[in-house]
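protein08.tsv follows (TSV, C-alpha atoms):
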chain	number	residue	atom	x	y	z
A	1	MET	CA	-32.08	-74.04	7.35
A	2	ASP	CA	-30.40	-72.58	4.27
A	3	ALA	CA	-30.61	-68.84	4.84
A	4	ARG	CA	-30.01	-68.09	1.15
A	5	ASN	CA	-32.97	-70.08	-0.15
A	6	PRO	CA	-36.06	-67.83	-0.11
A	7	GLN	CA	-38.24	-70.85	-0.80
A	8	ASN	CA	-37.52	-72.12	2.72
A	9	LYS	CA	-40.45	-70.64	4.59
A	10	VAL	CA	-40.58	-69.95	8.31
A	11	ARG	CA	-43.78	-71.10	9.95
A	12	ASP	CA	-43.25	-69.11	13.15
A	13	TRP	CA	-41.11	-66.03	12.64
A	14	SER	CA	-41.25	-65.09	16.33
A	15	GLU	CA	-39.80	-68.43	17.39
A	16	TYR	CA	-37.09	-68.28	14.72
A	17	ILE	CA	-36.09	-64.65	15.35
A	18	LEU	CA	-36.25	-64.59	19.15
A	19	ASP	CA	-34.78	-68.04	19.74
A	20	PRO	CA	-31.14	-67.51	20.91
A	21	PRO	CA	-29.65	-70.74	19.47
A	22	HIS	CA	-30.04	-69.40	15.95
A	23	HIS	CA	-27.07	-67.23	14.97
A	24	PHE	CA	-27.80	-63.57	14.25
A	25	GLU	CA	-25.90	-63.54	10.95
A	26	GLN	CA	-27.81	-66.52	9.61
A	27	LYS	CA	-31.15	-65.06	10.63
A	28	ALA	CA	-30.30	-61.64	9.21
A	29	MET	CA	-29.39	-63.09	5.83
A	30	HIS	CA	-32.58	-65.15	5.80
A	31	VAL	CA	-34.66	-62.08	6.65
A	32	PHE	CA	-32.85	-60.07	3.96
A	33	ASP	CA	-33.70	-62.67	1.31
A	34	HIS	CA	-37.29	-62.81	2.54
A	35	GLN	CA	-37.72	-59.03	2.38
A	36	PHE	CA	-35.93	-58.69	-0.95
A	37	TYR	CA	-38.42	-61.08	-2.55
A	38	HIS	CA	-41.56	-60.16	-0.63
A	39	ASN	CA	-41.30	-56.42	0.10
A	40	THR	CA	-41.70	-54.49	-3.15
A	41	LEU	CA	-40.40	-51.22	-1.74
A	42	TYR	CA	-37.27	-52.77	-0.28
A	43	HIS	CA	-36.69	-54.82	-3.43
A	44	ASP	CA	-36.85	-51.70	-5.59
A	45	PHE	CA	-34.56	-49.83	-3.18
A	46	CYS	CA	-31.94	-52.58	-3.32
A	47	MET	CA	-32.16	-52.83	-7.11
A	48	GLY	CA	-31.77	-49.06	-7.34
A	49	LEU	CA	-28.44	-49.48	-5.55
A	50	GLY	CA	-27.47	-52.27	-7.94
A	51	LEU	CA	-27.74	-54.96	-5.25
A	52	ASP	CA	-29.59	-58.25	-5.07
A	53	THR	CA	-29.34	-61.55	-3.21
A	54	THR	CA	-26.43	-62.70	-5.37
A	55	SER	CA	-24.30	-59.64	-4.61
A	56	VAL	CA	-25.06	-59.31	-0.89
A	57	LEU	CA	-22.83	-61.96	0.65
A	58	ASN	CA	-22.82	-61.01	4.33
A	59	VAL	CA	-24.65	-58.93	6.91
A	60	GLN	CA	-22.31	-55.95	6.48
A	61	GLN	CA	-23.37	-55.65	2.81
A	62	ILE	CA	-27.12	-55.54	3.48
A	63	PRO	CA	-28.43	-52.08	2.43
A	64	LEU	CA	-30.30	-49.98	4.98
A	65	LEU	CA	-33.60	-48.37	3.97
A	66	PRO	CA	-33.73	-44.68	5.00
A	67	VAL	CA	-36.20	-44.26	7.85
A	68	ALA	CA	-37.93	-41.53	5.83
A	69	ALA	CA	-39.58	-44.32	3.82
A	70	PHE	CA	-41.96	-44.86	6.74
A	71	ARG	CA	-43.14	-41.28	6.28
A	72	GLU	CA	-43.66	-41.59	2.56
A	73	THR	CA	-45.33	-44.92	1.93
A	74	ARG	CA	-46.56	-48.25	3.34
A	75	VAL	CA	-43.56	-50.38	4.33
A	76	LEU	CA	-44.95	-53.90	4.49
A	77	GLY	CA	-44.56	-57.30	2.87
A	78	LYS	CA	-46.83	-57.73	-0.13
A	79	TYR	CA	-48.17	-60.99	1.34
A	80	VAL	CA	-49.74	-59.09	4.29
A	81	GLU	CA	-53.37	-58.35	3.49
A	82	ASP	CA	-54.27	-56.51	6.70
A	83	ALA	CA	-51.89	-55.23	9.36
A	84	GLU	CA	-52.98	-56.10	12.89
A	85	LEU	CA	-51.59	-52.85	14.32
A	86	MET	CA	-50.73	-49.42	13.00
A	87	PHE	CA	-48.52	-46.92	14.82
A	88	LYS	CA	-47.73	-43.30	14.08
A	89	SER	CA	-44.80	-41.32	15.40
A	90	SER	CA	-45.36	-38.27	17.56
A	91	GLY	CA	-45.09	-34.94	15.78
A	92	THR	CA	-46.60	-31.55	15.14
A	93	THR	CA	-49.04	-30.53	12.42
A	94	GLU	CA	-46.09	-29.16	10.43
A	95	THR	CA	-44.36	-32.51	10.15
A	96	VAL	CA	-45.17	-35.70	8.25
A	97	ARG	CA	-45.47	-38.53	10.75
A	98	SER	CA	-44.00	-41.97	10.23
A	99	THR	CA	-46.43	-44.87	10.03
A	100	HIS	CA	-45.46	-48.42	10.91
A	101	TYR	CA	-47.87	-51.17	9.89
A	102	VAL	CA	-47.37	-54.24	12.10
A	103	ALA	CA	-48.47	-57.56	10.64
A	104	SER	CA	-48.16	-59.55	13.88
A	105	ALA	CA	-49.15	-58.07	17.23
A	106	GLU	CA	-47.93	-61.25	18.94
A	107	LEU	CA	-44.43	-60.94	17.48
A	108	TYR	CA	-44.26	-57.32	18.67
A	109	ARG	CA	-45.50	-58.31	22.14
A	110	LYS	CA	-42.91	-61.08	22.42
A	111	SER	CA	-40.14	-58.76	21.24
A	112	ILE	CA	-41.08	-56.23	23.92
A	113	LEU	CA	-41.32	-58.71	26.79
A	114	GLU	CA	-38.40	-60.95	25.86
A	115	GLY	CA	-36.26	-57.95	24.96
A	116	MET	CA	-36.81	-56.31	28.34
A	117	GLN	CA	-36.41	-59.65	30.13
A	118	HIS	CA	-32.93	-59.77	28.61
A	119	PHE	CA	-32.00	-56.82	30.87
A	120	TYR	CA	-34.53	-56.82	33.71
A	121	ASP	CA	-36.35	-59.37	35.86
A	122	LEU	CA	-39.93	-58.73	34.77
A	123	LYS	CA	-41.38	-60.79	37.63
A	124	SER	CA	-39.89	-58.41	40.19
A	125	LEU	CA	-41.05	-55.20	38.53
A	126	VAL	CA	-44.14	-53.03	38.80
A	127	PHE	CA	-44.58	-50.71	35.82
A	128	LEU	CA	-45.97	-47.20	36.23
A	129	GLY	CA	-46.42	-45.42	32.91
A	130	TYR	CA	-46.40	-41.63	32.69
A	131	VAL	CA	-46.99	-40.55	29.10
A	132	PRO	CA	-47.97	-36.88	28.64
A	133	GLY	CA	-47.90	-35.87	25.00
A	134	TYR	CA	-48.47	-39.47	23.94
A	135	ALA	CA	-51.83	-40.11	25.61
A	136	ASP	CA	-53.61	-38.09	22.91
A	137	ASN	CA	-52.01	-40.18	20.15
A	138	PRO	CA	-54.27	-43.21	19.62
A	139	HIS	CA	-51.54	-44.79	17.50
A	140	SER	CA	-48.65	-44.45	19.97
A	141	SER	CA	-46.28	-47.43	19.98
A	142	LEU	CA	-44.93	-46.29	23.37
A	143	ILE	CA	-48.35	-46.55	24.99
A	144	TRP	CA	-48.93	-49.96	23.42
A	145	MET	CA	-45.55	-51.12	24.70
A	146	ILE	CA	-46.16	-49.96	28.26
A	147	LYS	CA	-49.61	-51.57	28.20
A	148	GLN	CA	-48.05	-54.94	27.37
A	149	LEU	CA	-45.71	-54.56	30.34
A	150	ILE	CA	-48.61	-53.58	32.60
A	151	ASP	CA	-50.80	-56.45	31.41
A	152	GLN	CA	-48.14	-59.12	32.03
A	153	ASP	CA	-47.79	-58.09	35.70
A	154	SER	CA	-50.13	-60.11	37.93
A	155	SER	CA	-49.51	-58.05	41.09
A	156	GLY	CA	-52.29	-55.57	40.32
A	157	PHE	CA	-49.99	-52.60	41.01
A	158	SER	CA	-48.91	-51.78	37.46
A	159	ARG	CA	-50.88	-49.02	35.75
A	160	PHE	CA	-50.75	-45.75	33.85
A	161	LEU	CA	-50.36	-42.75	36.14
A	162	ALA	CA	-52.80	-39.85	36.01
A	163	LEU	CA	-51.41	-36.95	33.99
A	164	GLY	CA	-50.73	-33.58	35.56
A	165	GLU	CA	-50.62	-34.92	39.10
A	166	PRO	CA	-47.60	-35.40	41.39
A	167	LEU	CA	-46.38	-38.90	42.18
A	168	ASP	CA	-48.13	-40.68	45.02
A	169	VAL	CA	-45.09	-41.56	47.12
A	170	ASP	CA	-47.20	-43.49	49.63
A	171	GLU	CA	-48.40	-45.78	46.83
A	172	ILE	CA	-44.83	-46.34	45.64
A	173	LEU	CA	-43.71	-47.11	49.21
A	174	GLN	CA	-46.52	-49.64	49.50
A	175	ILE	CA	-45.29	-51.37	46.35
A	176	TYR	CA	-41.72	-51.32	47.69
A	177	GLN	CA	-42.82	-52.84	51.00
A	178	SER	CA	-44.61	-55.63	49.11
A	179	GLY	CA	-41.22	-56.77	47.85
A	180	LYS	CA	-41.63	-55.42	44.32
A	181	GLN	CA	-39.40	-52.96	42.48
A	182	VAL	CA	-40.98	-49.93	40.79
A	183	MET	CA	-40.08	-48.87	37.26
A	184	ILE	CA	-41.57	-45.54	36.15
A	185	PHE	CA	-41.60	-45.51	32.37
A	186	GLY	CA	-42.12	-42.52	30.08
A	187	PRO	CA	-40.70	-39.64	28.01
A	188	ALA	CA	-38.05	-37.37	29.46
A	189	PHE	CA	-40.14	-34.21	29.46
A	190	GLY	CA	-42.83	-35.99	31.49
A	191	PHE	CA	-40.39	-36.67	34.31
A	192	LEU	CA	-39.30	-33.03	34.26
A	193	ASP	CA	-42.96	-32.03	34.55
A	194	LEU	CA	-43.43	-34.39	37.50
A	195	LEU	CA	-40.50	-32.79	39.30
A	196	LYS	CA	-41.92	-29.36	38.53
A	197	GLU	CA	-45.09	-30.45	40.32
A	198	LYS	CA	-43.17	-31.76	43.31
A	199	SER	CA	-39.74	-33.20	44.04
A	200	CYS	CA	-39.94	-36.40	46.06
A	201	ALA	CA	-37.69	-39.08	47.49
A	202	LEU	CA	-38.43	-42.50	45.99
A	203	PRO	CA	-37.38	-45.90	47.37
A	204	GLU	CA	-33.70	-46.40	46.59
A	205	ASN	CA	-34.25	-49.31	44.19
A	206	THR	CA	-36.76	-47.42	42.00
A	207	ILE	CA	-35.86	-47.28	38.30
A	208	ILE	CA	-36.68	-44.23	36.19
A	209	LEU	CA	-36.72	-45.33	32.53
A	210	GLU	CA	-36.83	-42.38	30.16
A	211	THR	CA	-37.49	-42.79	26.46
A	212	GLY	CA	-36.06	-39.48	25.24
A	213	GLY	CA	-38.38	-36.96	23.63
A	214	MET	CA	-36.85	-33.72	24.91
A	215	LYS	CA	-36.47	-32.19	21.47
A	216	THR	CA	-40.16	-31.78	20.67
A	217	HIS	CA	-41.25	-30.12	23.87
A	218	ARG	CA	-39.50	-26.76	24.12
A	219	ARG	CA	-36.47	-28.06	26.00
A	220	GLN	CA	-32.87	-28.31	24.91
A	221	ILE	CA	-31.02	-30.45	27.40
A	222	THR	CA	-28.29	-33.08	27.25
A	223	ARG	CA	-29.03	-36.59	28.47
A	224	GLU	CA	-26.28	-36.26	31.08
A	225	THR	CA	-27.88	-33.12	32.50
A	226	LEU	CA	-31.33	-34.69	32.34
A	227	HIS	CA	-30.21	-37.74	34.31
A	228	GLN	CA	-28.55	-35.55	36.92
A	229	ILE	CA	-31.78	-33.57	37.36
A	230	LEU	CA	-33.84	-36.76	37.65
A	231	ALA	CA	-31.45	-38.37	40.13
A	232	GLU	CA	-31.45	-35.29	42.34
A	233	GLY	CA	-35.20	-34.65	42.02
A	234	PHE	CA	-36.17	-38.21	42.94
A	235	ALA	CA	-33.32	-38.64	45.47
A	236	LEU	CA	-31.93	-41.63	43.58
A	237	ASP	CA	-28.45	-42.80	42.75
A	238	GLY	CA	-27.53	-42.02	39.15
A	239	SER	CA	-27.37	-45.74	38.40
A	240	ARG	CA	-31.18	-45.84	38.81
A	241	ILE	CA	-31.79	-43.48	35.88
A	242	HIS	CA	-32.05	-45.64	32.74
A	243	SER	CA	-32.81	-44.93	29.08
A	244	GLU	CA	-34.56	-46.76	26.28
A	245	TYR	CA	-33.61	-46.49	22.61
A	246	GLY	CA	-36.45	-47.21	20.23
A	247	MET	CA	-38.68	-45.61	17.65
A	248	THR	CA	-42.01	-46.10	15.94
A	249	GLU	CA	-40.27	-47.78	13.02
A	250	MET	CA	-38.68	-50.44	15.26
A	251	LEU	CA	-40.27	-53.35	17.12
A	252	SER	CA	-37.28	-53.87	19.44
A	253	GLN	CA	-35.52	-51.64	21.94
A	254	GLY	CA	-32.08	-51.03	23.41
A	255	TYR	CA	-31.46	-50.09	27.03
A	256	ALA	CA	-28.87	-47.99	28.88
A	257	GLN	CA	-28.84	-49.08	32.51
A	258	GLY	CA	-27.39	-46.26	34.55
A	259	GLY	CA	-25.02	-44.87	31.95
A	260	SER	CA	-24.80	-43.47	28.44
A	261	SER	CA	-24.21	-46.71	26.55
A	262	TYR	CA	-27.10	-48.77	25.17
A	263	ARG	CA	-27.15	-52.52	24.69
A	264	THR	CA	-29.57	-54.57	22.66
A	265	PRO	CA	-31.24	-58.00	22.74
A	266	PRO	CA	-29.74	-60.67	20.47
A	267	TRP	CA	-32.08	-60.03	17.52
A	268	LEU	CA	-31.31	-56.28	17.35
A	269	GLN	CA	-27.92	-55.00	16.21
A	270	ILE	CA	-26.59	-51.50	15.68
A	271	THR	CA	-23.94	-50.25	13.26
A	272	VAL	CA	-22.66	-46.73	12.69
A	273	ARG	CA	-22.55	-45.57	9.08
A	274	ASP	CA	-20.64	-42.95	7.12
A	275	PRO	CA	-23.15	-40.16	6.32
A	276	GLU	CA	-21.48	-39.67	2.92
A	277	ASN	CA	-21.71	-43.37	2.10
A	278	PRO	CA	-24.21	-45.28	4.27
A	279	MET	CA	-22.98	-48.61	2.89
A	280	SER	CA	-19.71	-47.98	4.75
A	281	ILE	CA	-19.60	-49.11	8.41
A	282	LEU	CA	-17.44	-46.87	10.61
A	283	PRO	CA	-15.03	-48.23	13.23
A	284	ASP	CA	-15.72	-48.09	16.96
A	285	GLY	CA	-15.47	-44.59	18.43
A	286	GLN	CA	-16.14	-42.76	15.14
A	287	GLU	CA	-19.36	-40.76	14.97
A	288	GLY	CA	-21.86	-41.37	12.20
A	289	LEU	CA	-25.45	-42.33	11.42
A	290	ILE	CA	-26.97	-45.14	13.44
A	291	GLY	CA	-28.00	-48.12	11.37
A	292	VAL	CA	-30.50	-50.60	12.79
A	293	THR	CA	-30.96	-54.28	12.02
A	294	ASP	CA	-34.14	-55.22	13.88
A	295	LEU	CA	-35.11	-58.75	12.91
A	296	ALA	CA	-38.48	-58.39	14.65
A	297	ASN	CA	-39.37	-56.08	11.75
A	298	VAL	CA	-39.47	-59.12	9.48
A	299	HIS	CA	-42.87	-58.21	7.99
A	300	SER	CA	-41.97	-54.55	7.30
A	301	CYS	CA	-38.26	-53.73	6.95
A	302	SER	CA	-35.55	-54.95	9.32
A	303	PHE	CA	-32.72	-52.86	7.86
A	304	ILE	CA	-33.07	-49.14	8.61
A	305	LEU	CA	-30.81	-46.11	8.37
A	306	THR	CA	-31.95	-43.74	11.11
A	307	GLN	CA	-31.47	-39.99	11.42
A	308	ASP	CA	-29.71	-40.43	14.77
A	309	VAL	CA	-26.02	-39.77	15.29
A	310	GLY	CA	-24.03	-42.14	17.45
A	311	VAL	CA	-20.86	-44.13	18.05
A	312	LYS	CA	-20.18	-47.80	18.71
A	313	VAL	CA	-18.55	-48.55	22.05
A	314	GLY	CA	-16.93	-51.96	21.81
A	315	THR	CA	-18.68	-54.85	20.14
A	316	ASP	CA	-22.05	-54.75	21.90
A	317	ALA	CA	-22.79	-51.16	22.98
A	318	PHE	CA	-23.45	-47.78	21.40
A	319	ASN	CA	-24.05	-44.17	22.39
A	320	VAL	CA	-26.62	-41.81	20.88
A	321	ASN	CA	-25.35	-38.26	20.34
A	322	GLY	CA	-28.41	-36.54	18.86
A	323	ARG	CA	-30.00	-35.98	15.47
A	324	PHE	CA	-28.25	-35.57	12.13
A	325	ARG	CA	-29.04	-32.56	9.96
A	326	TYR	CA	-28.64	-33.02	6.25
A	327	SER	CA	-30.19	-32.15	2.93
A	328	ASN	CA	-29.43	-35.45	1.25
A	329	LEU	CA	-27.39	-38.58	1.72
A	330	ARG	CA	-25.44	-40.07	-1.16
A	331	GLY	CA	-26.74	-43.54	-1.86
A	332	CYS	CA	-30.05	-42.91	-0.12
A	333	ASN	CA	-32.13	-41.48	-2.94
A	334	PHE	CA	-34.80	-43.87	-4.09
A	335	LEU	CA	-38.03	-43.63	-6.00
A	336	ILE	CA	-41.18	-44.67	-4.19
A	337	GLU	CA	-44.01	-45.51	-6.55
A	338	GLU	CA	-47.57	-45.94	-5.44
A	339	GLU	CA	-48.82	-49.44	-6.14

If you convert what's in this file into structure tokens, what do you get?
Amino acid sequence: MDARNPQNKVRDWSEYILDPPHHFEQKAMHVFDHQFYHNTLYHDFCMGLGLDTTSVLNVQQIPLLPVAAFRETRVLGKYVEDAELMFKSSGTTETVRSTHYVASAELYRKSILEGMQHFYDLKSLVFLGYVPGYADNPHSSLIWMIKQLIDQDSSGFSRFLALGEPLDVDEILQIYQSGKQVMIFGPAFGFLDLLKEKSCALPENTIILETGGMKTHRRQITRETLHQILAEGFALDGSRIHSEYGMTEMLSQGYAQGGSSYRTPPWLQITVRDPENPMSILPDGQEGLIGVTDLANVHSCSFILTQDVGVKVGTDAFNVNGRFRYSNLRGCNFLIEEE
């Protein structure tokens, strides 16, 4: 398929995007052309930077839409009449929450399951979700994600855990003795609350998968310190404390499996950008703003400049160092007009 011909239509975006034989660069250029022509907001953003499909010749030149756009307006292809899902970021009443309209629930579901399968054996896992602070958000993408993982497990063990109650170690031992491996999935502050209720020794192959979220719940703590607390509190080796990198504005996730470096499935790539010039990609080891190319976002925007600070570690890994504080970014100003 000619990636530069926007008239070449994809009948099944999920098959095209998630299918490994297709090269990332080819798919990314095809998605860029598609979004330039069919997403009015992204088209206007690119034109405001003086860029179009004739001047963007490779993946490195594709402009990244500031993530703030998801707080300001509806980021969605103009051909989508009704989004199948709508997610809102967590936040307080003093903040404007991001909204991500998802045109295809099935594409999101496949991205979740196939993305995790890239790193974990889903058939061997039982998922226990602990989501305080998210359970009262009816539009939480994290809860929807965990539900897909629970629903695909036929063992009958996977479920959401009751909030405000200590872990039932006997239940987890029963799962372990059945030959399954337990993954407890949820925000960092929830695990700290569980340990405050009661420290407990979990089976040695248990995985604690934290999704971040310390910053909004009265705690200032580094990820290294957090993982040490979790390993000691649950009597697990540090290699069993994992992290997920994702956000409401993304339909794919990266995973750090027992360390600080995240890796991504083939349809999600990370770059690190110069805060003074987000079109400039920084070399490995140099700190800057994390840029996301998430091809699963084909119906909204796949090319996003986040507000996270990080560094690339080699060709296929990255570290997240926190949030970036700024008043403005050169090259990121754009006018959003209501349609």

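Our summary of the geometry notes that CA of Phe303 (chain A) is positioned 17.6 Å from CA of Thr54 (chain A).
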
- Long-range neighbours of Gln257 (chain A) as a PyMOL selection string, 8 Å cut-off, only C-alpha atoms, 6 positions minimum in chain: chain A and resi 239-243

- Task: Taking (-36.7, -34.2, 39.9) in the file's own coordinates, collect the residues within 9 Å, counting only C-alpha atoms, and hand them back as a PyMOL selection string.
- Result: chain A and resi 191-196+198-200+228-235

Might you pull out every residue within 7 Å of region 69-78 of chain A, with all atoms listed in the file counted and same-chain residues fewer than 4 positions away left off, and present them as a PDB file with C-alpha atoms, keeping the file's coordinate frame?
ATOM      1  CA  HIS A  38     -41.560 -60.160  -0.630  1.00  0.00           C
ATOM      2  CA  ASN A  39     -41.300 -56.420   0.100  1.00  0.00           C
ATOM      3  CA  THR A  40     -41.700 -54.490  -3.150  1.00  0.00           C
ATOM      4  CA  LEU A  41     -40.400 -51.220  -1.740  1.00  0.00           C
ATOM      5  CA  VAL A  96     -45.170 -35.700   8.250  1.00  0.00           C
ATOM      6  CA  ARG A  97     -45.470 -38.530  10.750  1.00  0.00           C
ATOM      7  CA  SER A  98     -44.000 -41.970  10.230  1.00  0.00           C
ATOM      8  CA  THR A  99     -46.430 -44.870  10.030  1.00  0.00           C
ATOM      9  CA  HIS A 100     -45.460 -48.420  10.910  1.00  0.00           C
ATOM     10  CA  TYR A 101     -47.870 -51.170   9.890  1.00  0.00           C
ATOM     11  CA  HIS A 299     -42.870 -58.210   7.990  1.00  0.00           C
ATOM     12  CA  SER A 300     -41.970 -54.550   7.300  1.00  0.00           C
ATOM     13  CA  CYS A 301     -38.260 -53.730   6.950  1.00  0.00           C
TER      14      CYS A 301
END

- Could you tell me how far CA of Phe185 (chain A) lies from CA of Pro166 (chain A), in Å and to one decimal?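 Between CA of Phe185 (chain A) and CA of Pro166 (chain A) the gap is 14.8 Å.
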
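For the pair CA of Met116 (chain A) and CA of Ser252 (chain A), the interatomic distance is 9.2 Å.
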
- Task: Just give me the residues with any atom within 9 Å of (-28.0, -37.7, 14.7), file coordinates, counting only C-alpha atoms, written as number ranges by chain.
- Result: A: 288-290, 306-310, 320-325

Applying 12 Å and only C-alpha atoms, which residues near Arg273 (chain A) remain after dropping the ones on its own chain fewer than 6 positions away? List them as a compact mmCIF listing (two decimals) with C-alpha atoms, keeping the file's coordinate frame.
# COMPACT_ATOMS: atom_id res chain seq x y z
CA GLN A 60 -22.31 -55.95 6.48
CA GLN A 61 -23.37 -55.65 2.81
CA PRO A 63 -28.43 -52.08 2.43
CA LEU A 64 -30.30 -49.98 4.98
CA PRO A 66 -33.73 -44.68 5.00
CA MET A 279 -22.98 -48.61 2.89
CA SER A 280 -19.71 -47.98 4.75
CA ILE A 281 -19.60 -49.11 8.41
CA LEU A 282 -17.44 -46.87 10.61
CA PRO A 283 -15.03 -48.23 13.23
CA ASP A 284 -15.72 -48.09 16.96
CA GLY A 285 -15.47 -44.59 18.43
CA GLN A 286 -16.14 -42.76 15.14
CA GLU A 287 -19.36 -40.76 14.97
CA GLY A 288 -21.86 -41.37 12.20
CA LEU A 289 -25.45 -42.33 11.42
CA ILE A 290 -26.97 -45.14 13.44
CA GLY A 291 -28.00 -48.12 11.37
CA VAL A 292 -30.50 -50.60 12.79
CA ILE A 304 -33.07 -49.14 8.61
CA LEU A 305 -30.81 -46.11 8.37
CA THR A 306 -31.95 -43.74 11.11
CA GLN A 307 -31.47 -39.99 11.42
CA ASP A 308 -29.71 -40.43 14.77
CA VAL A 309 -26.02 -39.77 15.29
CA GLY A 310 -24.03 -42.14 17.45
CA VAL A 311 -20.86 -44.13 18.05
CA LYS A 312 -20.18 -47.80 18.71
CA PHE A 324 -28.25 -35.57 12.13
CA LEU A 329 -27.39 -38.58 1.72
CA ARG A 330 -25.44 -40.07 -1.16
CA GLY A 331 -26.74 -43.54 -1.86
